$ cat work-v4.tsv   # TSV, C-alpha atoms
chain	number	residue	atom	x	y	z
A	151	MET	CA	66.87	-37.00	56.48
A	152	MET	CA	66.42	-33.28	56.76
A	153	ASN	CA	67.63	-30.97	54.03
A	154	ALA	CA	71.03	-29.47	54.85
A	155	THR	CA	69.99	-25.86	54.22
A	156	ALA	CA	66.84	-26.21	56.33
A	157	LEU	CA	68.86	-27.68	59.21
A	158	HIS	CA	71.35	-24.83	58.86
A	159	ASP	CA	68.54	-22.24	59.13
A	160	ILE	CA	67.04	-23.97	62.18
A	161	ALA	CA	70.49	-24.12	63.81
A	162	LEU	CA	70.95	-20.38	63.20
A	163	ILE	CA	67.61	-19.53	64.83
A	164	VAL	CA	68.31	-21.83	67.79
A	165	ALA	CA	71.76	-20.29	68.28
A	166	PHE	CA	70.38	-16.72	68.13
A	167	VAL	CA	67.69	-17.55	70.72
A	168	ALA	CA	70.12	-19.43	73.02
A	169	ILE	CA	72.72	-16.66	73.03
A	170	GLY	CA	70.02	-14.03	73.52
A	171	ILE	CA	68.72	-15.90	76.58
A	172	ALA	CA	72.31	-16.29	77.81
A	173	GLN	CA	72.83	-12.54	77.43
A	174	ILE	CA	69.66	-11.81	79.45
A	175	MET	CA	70.74	-14.21	82.22
A	176	ALA	CA	74.18	-12.61	82.43
A	177	MET	CA	72.45	-9.22	82.68
A	178	ILE	CA	70.30	-10.47	85.59
A	179	ARG	CA	73.50	-11.54	87.37
A	180	LEU	CA	74.96	-8.09	86.61
A	181	VAL	CA	71.97	-6.41	88.28
A	182	ILE	CA	71.49	-8.66	91.33
A	183	GLY	CA	75.05	-8.85	92.05
A	184	PRO	CA	75.85	-9.58	95.23
A	185	ASP	CA	79.50	-8.46	95.06
A	186	THR	CA	81.77	-6.51	92.71
A	187	GLY	CA	83.53	-9.66	91.51
A	188	ASP	CA	80.23	-11.10	90.29
A	189	ARG	CA	79.44	-7.90	88.42
A	190	ILE	CA	82.83	-7.91	86.66
A	191	LEU	CA	82.32	-11.56	85.77
A	192	ALA	CA	78.83	-10.85	84.40
A	193	LEU	CA	80.17	-7.98	82.26
A	194	ASP	CA	82.93	-10.25	80.92
A	195	THR	CA	80.36	-12.92	80.04
A	196	MET	CA	78.17	-10.32	78.32
A	197	VAL	CA	81.11	-9.20	76.17
A	198	VAL	CA	81.82	-12.80	75.15
A	199	ASN	CA	78.13	-13.35	74.33
A	200	ALA	CA	78.12	-10.15	72.26
A	201	ILE	CA	81.04	-11.52	70.22
A	202	GLY	CA	79.00	-14.68	69.67
A	203	LEU	CA	76.00	-12.66	68.48
A	204	ILE	CA	78.15	-10.71	66.01
A	205	VAL	CA	79.69	-13.93	64.65
A	206	LEU	CA	76.19	-15.38	64.26
A	207	LEU	CA	75.07	-12.26	62.39
A	208	GLY	CA	78.03	-12.70	60.04
A	209	ILE	CA	77.07	-16.35	59.42
A	210	ALA	CA	73.41	-15.44	58.85
A	211	GLN	CA	74.16	-12.71	56.32
A	212	GLY	CA	77.01	-14.61	54.70
A	213	THR	CA	79.49	-11.73	54.89
A	214	GLN	CA	82.92	-11.20	56.42
A	215	VAL	CA	82.42	-7.51	57.28
A	216	PHE	CA	81.64	-8.20	60.96
A	217	PHE	CA	85.01	-9.81	61.63
A	218	GLU	CA	86.77	-6.56	62.57
A	219	ALA	CA	83.93	-5.59	64.91
A	220	ALA	CA	84.14	-8.93	66.71
A	221	LEU	CA	87.92	-8.66	67.05
A	222	ILE	CA	87.76	-5.11	68.42
A	223	ILE	CA	85.04	-6.04	70.92
A	224	ALA	CA	87.15	-9.00	72.07
A	225	MET	CA	90.14	-6.71	72.71
A	226	LEU	CA	88.10	-3.99	74.39
A	227	GLY	CA	86.34	-6.55	76.58
A	228	PHE	CA	89.60	-7.97	77.89
A	229	VAL	CA	91.09	-4.54	78.54
A	230	SER	CA	87.97	-3.28	80.32
A	231	THR	CA	87.74	-6.40	82.50
A	232	VAL	CA	91.36	-6.02	83.56
A	233	ALA	CA	90.94	-2.28	84.12
A	234	TYR	CA	87.82	-2.76	86.26
A	235	ALA	CA	89.44	-5.51	88.35
A	236	ARG	CA	92.59	-3.46	88.76
A	237	PHE	CA	90.56	-0.44	89.84
A	238	VAL	CA	88.86	-2.52	92.52
A	239	LEU	CA	92.15	-4.09	93.64
A	240	ARG	CA	94.39	-1.02	93.68
A	241	GLY	CA	92.06	1.99	93.64
A	242	ASP	CA	93.75	3.20	90.48
A	243	ILE	CA	94.16	1.94	86.94
A	244	ILE	CA	97.47	3.46	85.81
A	245	GLU	CA	99.79	4.27	88.70
B	298	MET	CA	76.85	-36.63	49.63
B	299	THR	CA	79.01	-33.85	48.26
B	300	LEU	CA	81.53	-31.94	50.32
B	301	GLU	CA	79.34	-28.83	50.29
B	302	ILE	CA	76.35	-30.58	51.89
B	303	PHE	CA	78.66	-32.21	54.43
B	304	GLY	CA	80.10	-28.77	55.26
B	305	THR	CA	76.61	-27.34	55.77
B	306	TYR	CA	75.76	-30.16	58.20
B	307	PHE	CA	79.05	-29.51	60.01
B	308	VAL	CA	78.21	-25.79	60.32
B	309	ALA	CA	74.79	-26.64	61.76
B	310	ALA	CA	76.34	-29.06	64.28
B	311	CYS	CA	78.91	-26.45	65.35
B	312	LEU	CA	76.13	-23.87	65.79
B	313	PHE	CA	74.16	-26.27	68.02
B	314	VAL	CA	77.25	-27.06	70.13
B	315	GLY	CA	78.20	-23.41	70.54
B	316	ALA	CA	74.67	-22.34	71.43
B	317	ALA	CA	74.37	-25.15	73.99
B	318	PHE	CA	77.65	-24.23	75.68
B	319	ALA	CA	76.78	-20.51	75.77
B	320	LEU	CA	73.39	-21.30	77.33
B	321	VAL	CA	74.83	-23.74	79.90
B	322	GLY	CA	77.55	-21.29	80.92
B	323	SER	CA	75.09	-18.48	81.53
B	324	ILE	CA	72.70	-20.76	83.42
B	325	GLY	CA	75.65	-21.64	85.65
B	326	LEU	CA	76.49	-17.96	86.10
B	327	LEU	CA	72.91	-17.30	87.23
B	328	LYS	CA	72.14	-20.42	89.28
B	329	LEU	CA	75.31	-21.36	91.17
B	330	ASN	CA	75.35	-20.02	94.71
B	331	ASP	CA	78.99	-19.30	95.54
B	332	SER	CA	81.13	-16.64	93.91
B	333	MET	CA	84.09	-18.95	93.23
B	334	THR	CA	81.84	-21.65	91.69
B	335	ARG	CA	80.15	-18.94	89.61
B	336	LEU	CA	83.60	-18.04	88.28
B	337	HIS	CA	84.01	-21.46	86.68
B	338	ALA	CA	80.78	-21.60	84.64
B	339	PRO	CA	81.28	-18.75	82.10
B	340	THR	CA	84.72	-20.03	81.08
B	341	LYS	CA	82.85	-22.64	79.00
B	342	VAL	CA	81.15	-19.81	77.11
B	343	GLY	CA	84.50	-18.32	76.17
B	344	THR	CA	86.32	-21.45	75.03
B	345	MET	CA	83.80	-24.03	73.80
B	346	GLY	CA	80.87	-21.75	72.92
B	347	ILE	CA	82.64	-19.03	70.98
B	348	GLY	CA	85.20	-21.54	69.70
B	349	ALA	CA	82.45	-23.64	68.07
B	350	LEU	CA	80.72	-20.55	66.64
B	351	LEU	CA	83.97	-19.29	65.10
B	352	LEU	CA	84.70	-22.75	63.69
B	353	ALA	CA	81.22	-22.70	62.13
B	354	SER	CA	81.95	-19.28	60.62
B	355	MET	CA	85.25	-20.48	59.15
B	356	VAL	CA	83.77	-23.68	57.69
B	357	GLN	CA	80.86	-21.73	56.23
B	358	SER	CA	83.21	-19.33	54.45
B	359	PHE	CA	84.92	-22.35	52.87
B	360	VAL	CA	81.53	-23.82	51.91
B	361	ARG	CA	80.63	-20.56	50.14
B	362	GLY	CA	83.94	-20.76	48.29
B	363	GLU	CA	85.70	-17.67	49.67
B	364	GLY	CA	87.68	-19.45	52.35
B	365	SER	CA	89.08	-17.32	55.15
B	366	LEU	CA	90.90	-18.25	58.34
B	367	HIS	CA	91.09	-14.92	60.14
B	368	GLU	CA	88.51	-15.97	62.75
B	369	MET	CA	91.52	-17.82	64.20
B	370	LEU	CA	92.69	-14.40	65.43
B	371	ILE	CA	89.60	-13.92	67.61
B	372	MET	CA	89.84	-17.53	68.81
B	373	GLY	CA	93.50	-17.22	69.77
B	374	PHE	CA	92.96	-13.89	71.47
B	375	LEU	CA	90.01	-15.19	73.53
B	376	PHE	CA	91.85	-18.38	74.51
B	377	VAL	CA	94.92	-16.41	75.62
B	378	THR	CA	93.09	-13.70	77.57
B	379	ALA	CA	90.39	-15.80	79.29
B	380	PRO	CA	92.68	-17.19	82.06
B	381	ILE	CA	94.17	-13.75	82.71
B	382	SER	CA	90.81	-12.07	83.30
B	383	ALA	CA	89.61	-15.07	85.37
B	384	ASN	CA	92.74	-14.72	87.54
B	385	PHE	CA	92.02	-11.01	88.04
B	386	ILE	CA	88.39	-11.67	88.99
B	387	ALA	CA	89.45	-14.38	91.45
B	388	LYS	CA	91.90	-11.92	93.03
B	389	VAL	CA	89.11	-9.34	93.34
B	390	GLN	CA	86.93	-11.86	95.14
B	391	MET	CA	89.74	-12.91	97.47
B	392	HIS	CA	90.59	-9.32	98.37
B	393	ARG	CA	86.97	-8.35	98.93
B	394	ARG	CA	86.46	-11.44	101.17
B	395	ALA	CA	83.64	-12.60	98.90
B	396	CYS	CA	84.79	-16.23	99.11
B	397	VAL	CA	86.15	-18.72	101.62
B	398	PRO	CA	89.73	-17.54	102.30
B	399	PRO	CA	92.48	-19.95	101.21
B	400	PRO	CA	94.26	-21.90	103.98
B	401	ALA	CA	97.41	-20.24	105.30
B	402	PRO	CA	100.64	-21.40	103.66
B	403	LEU	CA	103.40	-23.16	105.62
B	404	GLY	CA	105.69	-21.05	107.73
B	405	ASP	CA	105.04	-17.40	108.54
B	406	GLU	CA	104.58	-16.28	104.95
B	407	THR	CA	101.42	-14.98	103.29
B	408	TRP	CA	100.06	-15.72	99.83
B	409	SER	CA	101.73	-13.50	97.26
B	410	THR	CA	98.52	-11.70	96.29
B	411	PHE	CA	98.09	-10.55	99.90
B	412	ASP	CA	101.78	-9.68	100.25
B	413	THR	CA	102.25	-5.98	99.54
B	414	PRO	CA	105.74	-5.03	98.38
B	415	GLU	CA	107.78	-2.74	100.65
B	416	ALA	CA	107.45	0.26	98.34
B	417	ASP	CA	103.66	-0.05	98.13
B	418	ARG	CA	102.83	-0.27	101.85
B	419	VAL	CA	99.90	1.98	102.66
B	420	ILE	CA	100.80	4.90	104.86
B	421	ASP	CA	98.18	4.79	107.59
B	422	SER	CA	97.99	8.28	109.06
B	423	PRO	CA	97.63	11.34	106.83
B	424	GLU	CA	100.58	13.08	108.55
B	425	ASP	CA	102.99	10.42	107.25
B	426	ARG	CA	101.92	11.01	103.68
B	427	PRO	CA	104.70	12.60	101.58
B	428	ALA	CA	103.80	16.09	100.49
$ encode --input "work-v4.tsv" --output "structure tokens"
Amino acid sequence: MMNATALHDIALIVAFVAIGIAQIMAMIRLVIGPDTGDRILALDTMVVNAIGLIVLLGIAQGTQVFFEAALIIAMLGFVSTVAYARFVLRGDIIE
Amino acid sequence: MTLEIFGTYFVAACLFVGAAFALVGSIGLLKLNDSMTRLHAPTKVGTMGIGALLLASMVQSFVRGEGSLHEMLIMGFLFVTAPISANFIAKVQMHRRACVPPPAPLGDETWSTFDTPEADRVIDSPEDRPA
């Protein structure tokens, strides 16, 4: 049976690598596109992955200081997704 | 096995689950070949992936002895807002004709997202535009 701390460290590295690869794949979808809806979706996914990376950084360093950053990025990500979609739908954000 | 060691194993398991869901969701975003099917894949990143990572963060803070539950705020916010942004993105794809259009509803009505209210009808010619 593997030591609990060693397994925890391996899990942290695996999670960092997996979310980094996920972020790169979402960025490829953001670049290739083909339509505006896909680009908005890719940006939304990138925001969610960024929250995951910040949470992982907080676990790795054993601090709680990254919690506010993750919460603010979650709020900004939702508002920017809705604003972008609304701009495409209506041609204006606040009417 | 003490509770602390069990908690560390639980954190590691949650990290594996979250990383797997984040990876699978982004593979789906990249590989699926229809815009509406692409919409479904990244929802798993938001709920299961980030949910498991935040659960790991909470359990780890209890393992270290300074228990905190305020990651529940991020979790609740993400779970509440994910369907709203997915609905907006689906509407964008329907309006830009990037997907197969939905079948027409019964009668002579249109779907509500295509139904412009009377006050918002676009004025076609520039002469009709109010000064």
$ residues_around --input "work-v4.tsv" --residues "range 158-170 of chain A" --least-positions-apart "2" --cutoff "8 Å" --atoms "all atoms listed in the file" --output "list in words"
Ala154, Thr155, Ala156, Ala172, Gln173, Ile174, Asn199, Gly202, Leu203, Leu206 and Ala210 of chain A; Thr305, Tyr306, Val308, Ala309, Ala310, Leu312, Phe313, Gly315, Ala316, Ala317, Ala319 and Leu320 of chain B
$ atom_distance --input "work-v4.tsv" --atom1 "CA of Ile178 in chain A" --atom2 "CA of Asp331 in chain B"
15.9 Å
$ atom_distance --input "work-v4.tsv" --atom1 "CA of Gly241 in chain A" --atom2 "CA of His392 in chain B"
12.3 Å
$ residues_near_point --input "work-v4.tsv" --point "(85.3, -16.2, 58.9)" --cutoff "8 Å" --atoms "only C-alpha atoms" --output "PDB file with C-alpha atoms, keeping the file's coordinate frame"
ATOM      1  CA  GLN A 214      82.920 -11.200  56.420  1.00  0.00           C
ATOM      2  CA  PHE A 217      85.010  -9.810  61.630  1.00  0.00           C
TER       3      PHE A 217
ATOM      4  CA  LEU B 351      83.970 -19.290  65.100  1.00  0.00           C
ATOM      5  CA  SER B 354      81.950 -19.280  60.620  1.00  0.00           C
ATOM      6  CA  MET B 355      85.250 -20.480  59.150  1.00  0.00           C
ATOM      7  CA  VAL B 356      83.770 -23.680  57.690  1.00  0.00           C
ATOM      8  CA  GLN B 357      80.860 -21.730  56.230  1.00  0.00           C
ATOM      9  CA  SER B 358      83.210 -19.330  54.450  1.00  0.00           C
ATOM     10  CA  GLY B 364      87.680 -19.450  52.350  1.00  0.00           C
ATOM     11  CA  SER B 365      89.080 -17.320  55.150  1.00  0.00           C
ATOM     12  CA  LEU B 366      90.900 -18.250  58.340  1.00  0.00           C
ATOM     13  CA  HIS B 367      91.090 -14.920  60.140  1.00  0.00           C
ATOM     14  CA  GLU B 368      88.510 -15.970  62.750  1.00  0.00           C
TER      15      GLU B 368
END
$ residues_around --input "work-v4.tsv" --residues "Leu180 in chain A" --least-positions-apart "4" --cutoff "9 Å" --atoms "only C-alpha atoms" --output "PyMOL selection string"
chain A and resi 175-176+184+188-193
$ residues_around --input "work-v4.tsv" --residues "Thr410 in chain B" --least-positions-apart "3" --cutoff "9 Å" --atoms "all atoms listed in the file" --output "PyMOL selection string"
chain B and resi 388+391-392+407+413
$ atom_distance --input "work-v4.tsv" --atom1 "CA of Glu363 in chain B" --atom2 "CA of Met225 in chain A"
25.9 Å
$ closest_residue --input "work-v4.tsv" --among "B:Leu350, B:Val321, B:Ala401, B:Arg335" --to "Ile171 in chain A" --atoms "all atoms listed in the file"
B:Val321
$ residues_near_point --input "work-v4.tsv" --point "(81.3, -16.7, 79.9)" --cutoff "7 Å" --atoms "only C-alpha atoms" --output "count of residues only"
11
$ closest_residue --input "work-v4.tsv" --among "A:Ile201, A:Ala233, A:Ile209, A:Ile223" --to "Gly346 in chain B" --atoms "only C-alpha atoms"
A:Ile201
$ closest_residue --input "work-v4.tsv" --among "A:Ala219, A:Asp242, A:Val232, A:Phe237" --to "chain B" --atoms "only C-alpha atoms"
A:Val232
$ closest_residue --input "work-v4.tsv" --among "B:Glu406, B:Cys396, B:Val360, B:Leu336" --to "chain A" --atoms "only C-alpha atoms"
B:Leu336
